[in-house]
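Q: Input: one structure, supplied below.
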Amino acid sequence: MSAQKKETNVKIKNIVLVHGAFVDGSGWKSVYDILTKRGYNVTVTQIPLTSLKDDDATVRRALDRLDGPAVLVGHSWGGTVITEASSHANVASLVYVTAFQPDKGETTDTWYSSQPGLPEAGILPPDSKGFVYYDLKKFHAGFAADLSHDQTEFMAHSQKPILGSSFIDVVTSADWHTKPTFGIVPTADKSINPIILRNMYKRSGTKITEIKGASHAVFISHPQEVAEVIIAASR
């Protein structure tokens with residue numbers, strides 16, 4: 001690591017949640033409920049999934065509206081987004097929920113392609129407009145195996161695609177070098193190989209919490225455990 005991370009004992013009341021590709025902010029509902037009942041001010045962003053620049057701008061607008069420091073939380077692709085937004089003055093700590101954590105000069109694909117893809121993963125090639133969807137037939141096994149078939153059927157058919165070029169957008173900020181950083185590794189993630197997650201988080205000195213048997217949709221299937229990591233990041 002290039003710099004010493006700062007430690008803080010100040011309890012942060014603001015939380016900003018950033019979804020990843022193929023879903024939207026509604027997936028954070030159970031985590032939102034837990035945190036708001038604990039007295040936190042929670043903002044759930046709705047990023048457009050059209051480029052790193054566009055998604056970063058959306059998160060920064062949410063941070064601009066806050067009256068003080070925040071814990072910035074990202075799921076999956078949202079990890080790249082919170083990394084880019086991490087230089088915002090209101091970002092006090094970061095939480096990566098089975099999320100990409102690139103450094104300056106890297107892309108999401110730098111890490112995604114660093115290990116072989118898992119057979120259950122259903123990320124399809126870009127369509128004629130450049131958008132990437134998740135295979136409907138693989139959504140349950142690949143994205144959310146620990147949720148019910150009915151729930152994942154709805155998620156699959158209401159998925160939000162991402163512009164494929166986003167995955168090769170280059171990161172320009174990475175304040176995980178200096179700000180307290182936490183990471184969640186679901187051991188049964190079939191969309192992002194857990195080896196990739198462990199390699200990223202080990203490099204950065206991230207405090208890791210592993211959730212055994214959890215899928216890529218860990219923020220939906222294990223909201224209490226995810227909320228507790230976010231609460232730890234607020235201290």
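Following the order of the structure tokens, chains are lettered A, B, ..., residues in each are numbered from 1, and ligands are numbered from 1.
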According to DSSP computed on the backbone, where in segment 21-220 of chain A is there strand (DSSP E)? Give the residues as a ChimeraX atom specification.
A: /A:41-44,70-75,91-97,131-132,162-163,181-186,207-211
Q: Residues at most 12 Å from Asp54 of chain A, counting only C-alpha atoms, excluding those fewer than 4 positions away in the same chain, as a PyMOL selection string?
A: chain A and resi 46-50+58-61+81+84-85+162-163+166+169
Q: Excluding same-chain residues fewer than 4 positions from Phe139 of chain A, what lies within 9 Å of it counting only C-alpha atoms, as a short mmCIF file (atom, residue, chain, number, x, y, z; two decimals) with C-alpha atoms, in the first residue's frame?
A:
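Output file selection07.cif is given in full below:
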```
data_model
loop_
_atom_site.label_atom_id
_atom_site.label_comp_id
_atom_site.auth_asym_id
_atom_site.auth_seq_id
_atom_site.Cartn_x
_atom_site.Cartn_y
_atom_site.Cartn_z
CA GLU A 120 -22.79 -20.70 -13.71
CA ALA A 121 -22.06 -17.07 -14.61
CA GLY A 122 -24.54 -15.70 -17.15
CA TYR A 134 -27.51 -11.50 -17.73
CA ASP A 135 -28.72 -14.78 -19.23
CA PHE A 143 -26.60 -14.46 -9.57
CA ALA A 144 -28.88 -15.43 -6.70
CA ALA A 145 -28.83 -19.14 -5.90
CA THR A 152 -34.99 -14.55 -9.08
CA GLU A 153 -37.40 -14.99 -11.99
CA MET A 155 -35.20 -10.11 -10.87
CA ALA A 156 -34.10 -11.69 -14.15
#
```
Q: Just the number, please: distance in Å from atom CA of Leu72 of chain A to atom CA of Pro102 of chain A, one decimal.
A: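 Straight-line distance from atom CA of Leu72 of chain A to atom CA of Pro102 of chain A works out to 15.5 Å.
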Q: Point out the residue among A:Thr107, A:Asn193, A:Ser204, A:Ser113 with the least atom-to-atom distance to Lys179 of chain A, counting only C-alpha atoms.
A: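 Of A:Thr107, A:Asn193, A:Ser204, A:Ser113, the one nearest Lys179 of chain A is A:Ser204, counting only C-alpha atoms.
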Q: What is the atom CA of Ala89 of chain A-atom CA of Asn41 of chain A distance in Å, reported with one decimal?
A: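 Result for atom CA of Ala89 of chain A versus atom CA of Asn41 of chain A: 17.5 Å, one decimal.
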